[in-house]
Structure formats: C-alpha cells, structure tokens
Amino acid sequence: MSAAPGELREVAARVAAEAAALVRRARAEGVAVAATKSSGVDVVTEIDRASEALVRTRLGELRPGDAVLGEEEGERAGSTGVRWVVDPVDGTVNLLYGIPEYAVSIAAEVDGQVVAGAVVDVVRDVVYAAALGQGATRDGVPLRVRPAAPVAERLVLTGFGYLPEVRAHQGACVARLLPLVRDVRRMGSCALDLCHVAEGIADAYVEEGPQPWDWAAGSLVVSEAGGRFARLPGTGPAGSPGTDPREVLVAGPAEGWDELVDLLVHTGFLNHANASGSRG
C-alpha cells in the first residue's frame, strides 16, 4: 500500500470531511457532557466518541493495516509504517457551548514524521490540507503565512490548559506578553489556531500542553505554508500525567522567528537556557 504524502493527504481530507459532517449533524440535535478527563472542565461528549469511531472505521476500510492514535480510544497497532493521529473534535468546549470554532484533525505519520494532514473547520465547512513538500491549501487554494511584522504589531493566538496551577502560570505569561504585541486571542482550537497562522490571519501561536492529536495536522499545514513550527522547552508546572509538562508549541512565519522566540523567553513561556537551539 502506498505511503505517498499526496495520497495520504487525500485520505485525511476525505475522512476528516466525513467526520465533520457527522459532528455538524449531531451538534444540531444537541450535545451533552459524557465524561471528563484531566479535570472537571476537560470534557468529552458523545459526539467526540462518535466522530472518532467513524474515523477509525473509515481508515480501516481505506487503509487496512495502518496504525491509529486517537484522543478518545488511544493506540491501535499497525503493520505498514503509517500511523494516523486523530482528534475527532478539537475544541470540544466550543462545541458544547455552540461557539463556532472547532474542528476534526487527522494527520498521517510515516516512521514518526508527519507527512500529510487535514483539518476541517466543522462550522464553516472549510478544509485545510497539506502534504510534505507539496504545500498547504484551504479548500484547494494555496496558503501562505503573513510577512513578518514588528513584534509590537503581531497578533498572537494562545490557549490554556485544564489544571488550575497550569492556567495560573499561563495567565501570568500572557499578562507579560499582552503589552508587547498588537493583541492576544484565545480561540479554543489548537488545530485551527495553527491553520489561522498558515492562512495569514494571525502572526503567531504559542501554547503549553497540547497533545499530538491537537497539533499533528496543523503543524504540517503551517510549515507547508512557509511558516515554522517547534516544540520547545517551557517553564510551566507539571501538567497531565505521562506528558512533558514543559513543552510549549510555537508557530509563526519563518521570517522573524528569532524575534518571536526571544519574546516568548522574555515573557516566561520558554526556558531561556534551552530555547537558543530553536533560533536560526
């Protein structure tokens, strides 16, 4: 079975669009919390579960033998060297409240490297897609990040974790950041935040704590749109068990990258001693 990035991108986009259609239909019928995870505000809905079940079924039909890592059901082993990384609903709290900013995100890894992915904005029915070395698109139209602006004119997207002590640290970093940039936005979906940087409606993204299913597809979209994406050592307190609590996601245009990293060190997001390797 082929592992060509372009073919994997088409599978990701097709299945993500099918799952997004399911989520739209189910949301119109109503949504309720089914369970919680890391804290009482970290929710799971039956829509999350139904979306992931559909994705796993369709991937099994289209790509038998591939591995799957999903947010709700964990890891399914494979034999082909391809692993799909799936977030059935990224932005579940937005889904719950009816805030129109949530997505289905599906990425394909080959031997641990993300080579294809798709993020479907559920409410707007917009498909972001990318394949390694082949660029990124929004509904088939090529994407490009914004030209780098002076630091004081950059619009920065961010997000917050679910544990109170983590949020307190993140809030303090944002408070130091806010006077130094144009503004800060918290939209509620890591996958869409990365796509927004890729399409040039934001200048940067920074967040501590998202999981691989949150960022796998979006990271490739922003990279293939001429941006940079990095997972860098942060300064925050312990996060969810089994994760690296100090890892911070950073994305922005390749031009002006050093200034962005310096800003995030200065405002406390990044560890000064270990961020230098991300420059250049």
# chains A, B, ... in the order shown; residues from 1 in each chain; ligands from 1
>>> closest_atom_pairs(of="stretch 196-262 of chain A", to="stretch 120-136 of chain A", cutoff="7 Å", atoms="only C-alpha atoms", output="CSV")
residue,atom,partner,partner_atom,distance
A:Leu220,CA,A:Ala130,CA,6.4
A:Val221,CA,A:Ala130,CA,5.2
A:Glu224,CA,A:Gly135,CA,4.6
A:Ala225,CA,A:Ala136,CA,5.4
>>> write_last_selection(atoms="all heavy atoms", output="PDB file, in the first residue's frame")
ATOM      1  N   LEU A 220       1.864  20.625  10.167  1.00  0.00           N
ATOM      2  CA  LEU A 220       2.297  20.475   8.777  1.00  0.00           C
ATOM      3  C   LEU A 220       1.672  21.553   7.894  1.00  0.00           C
ATOM      4  O   LEU A 220       2.329  22.076   6.990  1.00  0.00           O
ATOM      5  CB  LEU A 220       1.931  19.089   8.246  1.00  0.00           C
ATOM      6  CG  LEU A 220       2.465  18.772   6.848  1.00  0.00           C
ATOM      7  CD1 LEU A 220       3.991  18.721   6.846  1.00  0.00           C
ATOM      8  CD2 LEU A 220       1.888  17.456   6.325  1.00  0.00           C
ATOM      9  N   VAL A 221       0.420  21.905   8.156  1.00  0.00           N
ATOM     10  CA  VAL A 221      -0.227  22.960   7.378  1.00  0.00           C
ATOM     11  C   VAL A 221       0.561  24.259   7.496  1.00  0.00           C
ATOM     12  O   VAL A 221       0.868  24.912   6.491  1.00  0.00           O
ATOM     13  CB  VAL A 221      -1.689  23.159   7.823  1.00  0.00           C
ATOM     14  CG1 VAL A 221      -2.297  24.387   7.149  1.00  0.00           C
ATOM     15  CG2 VAL A 221      -2.523  21.924   7.497  1.00  0.00           C
ATOM     16  N   GLU A 224       4.083  23.915   5.765  1.00  0.00           N
ATOM     17  CA  GLU A 224       3.997  23.895   4.306  1.00  0.00           C
ATOM     18  C   GLU A 224       3.498  25.225   3.735  1.00  0.00           C
ATOM     19  O   GLU A 224       3.609  25.459   2.538  1.00  0.00           O
ATOM     20  CB  GLU A 224       3.094  22.747   3.851  1.00  0.00           C
ATOM     21  CG  GLU A 224       3.715  21.375   4.017  1.00  0.00           C
ATOM     22  CD  GLU A 224       4.909  21.151   3.091  1.00  0.00           C
ATOM     23  OE1 GLU A 224       4.839  21.592   1.930  1.00  0.00           O
ATOM     24  OE2 GLU A 224       5.905  20.541   3.528  1.00  0.00           O
ATOM     25  N   ALA A 225       2.971  26.099   4.601  1.00  0.00           N
ATOM     26  CA  ALA A 225       2.544  27.431   4.167  1.00  0.00           C
ATOM     27  C   ALA A 225       3.660  28.461   4.317  1.00  0.00           C
ATOM     28  O   ALA A 225       3.407  29.663   4.176  1.00  0.00           O
ATOM     29  CB  ALA A 225       1.314  27.873   4.953  1.00  0.00           C
TER      30      ALA A 225
END
>>> residues_around(residues="A:Leu59", least_positions_apart="4", cutoff="9 Å", atoms="only C-alpha atoms", output="list in words")
Val11, Ala12, Val15, Leu54, Val55, Arg63, Pro64, Asp66, Val68 and Trp84 of chain A
>>> write_last_selection(atoms="C-alpha atoms", output="tab-separated table (two decimals), in the first residue's frame")
chain	number	residue	atom	x	y	z
A	11	VAL	CA	-7.39	10.15	2.61
A	12	ALA	CA	-7.02	12.53	5.58
A	15	VAL	CA	-12.23	11.12	6.18
A	54	LEU	CA	-16.32	6.90	12.27
A	55	VAL	CA	-12.72	7.93	11.56
A	63	ARG	CA	-6.01	1.91	4.77
A	64	PRO	CA	-6.15	-1.57	6.37
A	66	ASP	CA	-2.23	1.28	9.35
A	68	VAL	CA	-4.14	4.80	14.60
A	84	TRP	CA	-2.85	8.18	11.76
>>> select_by_dssp(residues="stretch 89-268 of chain A", states="helix (DSSP H, G or I)", output="number ranges by chain")
A: 92-97, 151-153, 164-180, 190-198, 212-224, 257-266
>>> write_last_selection(atoms="C-alpha atoms", output="CSV table (one decimal), in the first residue's frame")
chain,number,residue,atom,x,y,z
A,92,THR,CA,-14.9,20.4,22.5
A,93,VAL,CA,-15.7,23.1,24.9
A,94,ASN,CA,-16.6,25.4,22.0
A,95,LEU,CA,-18.7,22.5,20.6
A,96,LEU,CA,-20.5,22.2,23.9
A,97,TYR,CA,-21.3,25.9,24.2
A,151,VAL,CA,6.9,42.5,17.4
A,152,ALA,CA,4.7,45.3,18.6
A,153,GLU,CA,2.3,44.7,15.6
A,164,PRO,CA,-5.7,25.4,37.8
A,165,GLU,CA,-1.9,25.6,38.5
A,166,VAL,CA,-1.1,25.4,34.8
A,167,ARG,CA,-3.6,28.1,34.0
A,168,ALA,CA,-2.2,30.4,36.6
A,169,HIS,CA,1.3,30.1,35.0
A,170,GLN,CA,-0.1,30.5,31.5
A,171,GLY,CA,-2.1,33.5,32.5
A,172,ALA,CA,1.0,35.2,34.0
A,173,CYS,CA,2.9,34.7,30.8
A,174,VAL,CA,0.1,36.1,28.7
A,175,ALA,CA,-0.2,39.1,31.1
A,176,ARG,CA,3.5,39.9,30.4
A,177,LEU,CA,3.0,39.3,26.6
A,178,LEU,CA,0.0,41.5,26.1
A,179,PRO,CA,1.6,44.9,26.5
A,180,LEU,CA,4.3,44.0,24.0
A,190,CYS,CA,-5.1,24.3,18.6
A,191,ALA,CA,-5.6,22.8,15.2
A,192,LEU,CA,-7.5,25.8,13.9
A,193,ASP,CA,-5.0,28.2,15.5
A,194,LEU,CA,-2.2,26.7,13.5
A,195,CYS,CA,-4.3,26.9,10.3
A,196,HIS,CA,-5.0,30.5,11.0
A,197,VAL,CA,-1.3,31.3,11.2
A,198,ALA,CA,-0.9,29.3,7.9
A,212,PRO,CA,0.0,15.2,19.4
A,213,TRP,CA,-3.6,14.8,18.1
A,214,ASP,CA,-4.2,18.5,18.7
A,215,TRP,CA,-1.2,19.7,16.6
A,216,ALA,CA,-0.1,17.0,14.2
A,217,ALA,CA,-2.0,18.0,11.1
A,218,GLY,CA,-1.9,21.7,11.9
A,219,SER,CA,1.8,21.7,12.3
A,220,LEU,CA,2.3,20.5,8.8
A,221,VAL,CA,-0.2,23.0,7.4
A,222,VAL,CA,1.7,25.9,8.9
A,223,SER,CA,5.1,24.5,7.9
A,224,GLU,CA,4.0,23.9,4.3
A,257,TRP,CA,11.3,33.6,14.0
A,258,ASP,CA,14.2,34.6,16.2
A,259,GLU,CA,12.4,37.7,17.5
A,260,LEU,CA,9.3,35.6,18.3
A,261,VAL,CA,11.4,33.1,20.3
A,262,ASP,CA,13.2,35.9,22.2
A,263,LEU,CA,9.8,37.5,23.0
A,264,LEU,CA,8.5,34.2,24.4
A,265,VAL,CA,11.6,33.7,26.5
A,266,HIS,CA,11.3,37.3,27.8
>>> closest_residue(among="A:Ser189, A:Thr57, A:Thr158, A:Thr45", to="A:Glu208", atoms="only C-alpha atoms")
A:Thr158
>>> residues_around(residues="A:Leu155", least_positions_apart="6", cutoff="8 Å", atoms="only C-alpha atoms", output="list of chain:residue names")
A:Val181, A:Arg182, A:Asp183, A:Val184, A:Arg185, A:Ala202, A:Asp203, A:Ala204
>>> write_last_selection(atoms="N, CA, C and O atoms", output="PDB file, in the first residue's frame")
ATOM      1  N   VAL A 181       2.657  43.265  22.312  1.00  0.00           N
ATOM      2  CA  VAL A 181       2.207  42.877  20.971  1.00  0.00           C
ATOM      3  C   VAL A 181       0.919  43.626  20.625  1.00  0.00           C
ATOM      4  O   VAL A 181       0.353  44.330  21.456  1.00  0.00           O
ATOM      5  N   ARG A 182       0.479  43.455  19.380  1.00  0.00           N
ATOM      6  CA  ARG A 182      -0.770  44.101  18.961  1.00  0.00           C
ATOM      7  C   ARG A 182      -1.946  43.647  19.815  1.00  0.00           C
ATOM      8  O   ARG A 182      -2.750  44.441  20.289  1.00  0.00           O
ATOM      9  N   ASP A 183      -2.069  42.334  19.991  1.00  0.00           N
ATOM     10  CA  ASP A 183      -3.145  41.784  20.821  1.00  0.00           C
ATOM     11  C   ASP A 183      -2.949  40.281  20.933  1.00  0.00           C
ATOM     12  O   ASP A 183      -2.102  39.692  20.243  1.00  0.00           O
ATOM     13  N   VAL A 184      -3.747  39.664  21.812  1.00  0.00           N
ATOM     14  CA  VAL A 184      -3.719  38.223  22.040  1.00  0.00           C
ATOM     15  C   VAL A 184      -5.144  37.698  21.876  1.00  0.00           C
ATOM     16  O   VAL A 184      -6.098  38.318  22.340  1.00  0.00           O
ATOM     17  N   ARG A 185      -5.284  36.553  21.219  1.00  0.00           N
ATOM     18  CA  ARG A 185      -6.579  35.896  21.045  1.00  0.00           C
ATOM     19  C   ARG A 185      -6.521  34.477  21.581  1.00  0.00           C
ATOM     20  O   ARG A 185      -5.543  33.766  21.394  1.00  0.00           O
ATOM     21  N   ALA A 202      -3.301  35.484  11.495  1.00  0.00           N
ATOM     22  CA  ALA A 202      -2.631  35.704  12.771  1.00  0.00           C
ATOM     23  C   ALA A 202      -1.126  35.642  12.514  1.00  0.00           C
ATOM     24  O   ALA A 202      -0.680  35.052  11.530  1.00  0.00           O
ATOM     25  N   ASP A 203      -0.364  36.253  13.412  1.00  0.00           N
ATOM     26  CA  ASP A 203       1.087  36.331  13.233  1.00  0.00           C
ATOM     27  C   ASP A 203       1.846  35.238  13.965  1.00  0.00           C
ATOM     28  O   ASP A 203       2.982  34.929  13.594  1.00  0.00           O
ATOM     29  N   ALA A 204       1.258  34.660  15.002  1.00  0.00           N
ATOM     30  CA  ALA A 204       1.981  33.671  15.791  1.00  0.00           C
ATOM     31  C   ALA A 204       1.008  32.894  16.655  1.00  0.00           C
ATOM     32  O   ALA A 204      -0.133  33.325  16.893  1.00  0.00           O
TER      33      ALA A 204
END
>>> select_by_dssp(residues="stretch 95-275 of chain A", states="strand (DSSP E)", output="count of residues only")
55
>>> atom_distance(atom1="atom CA of A:Tyr102", atom2="atom CA of A:Gly159")
13.5 Å
>>> closest_atom_pairs(of="stretch 89-206 of chain A", to="stretch 70-81 of chain A", cutoff="9 Å", atoms="only C-alpha atoms", output="tab-separated table")
residue	atom	partner	partner_atom	distance
A:Glu109	CA	A:Gly81	CA	8.1
A:Val110	CA	A:Gly81	CA	5.7
A:Asp111	CA	A:Gly81	CA	5.7
A:Gly112	CA	A:Gly81	CA	8.5
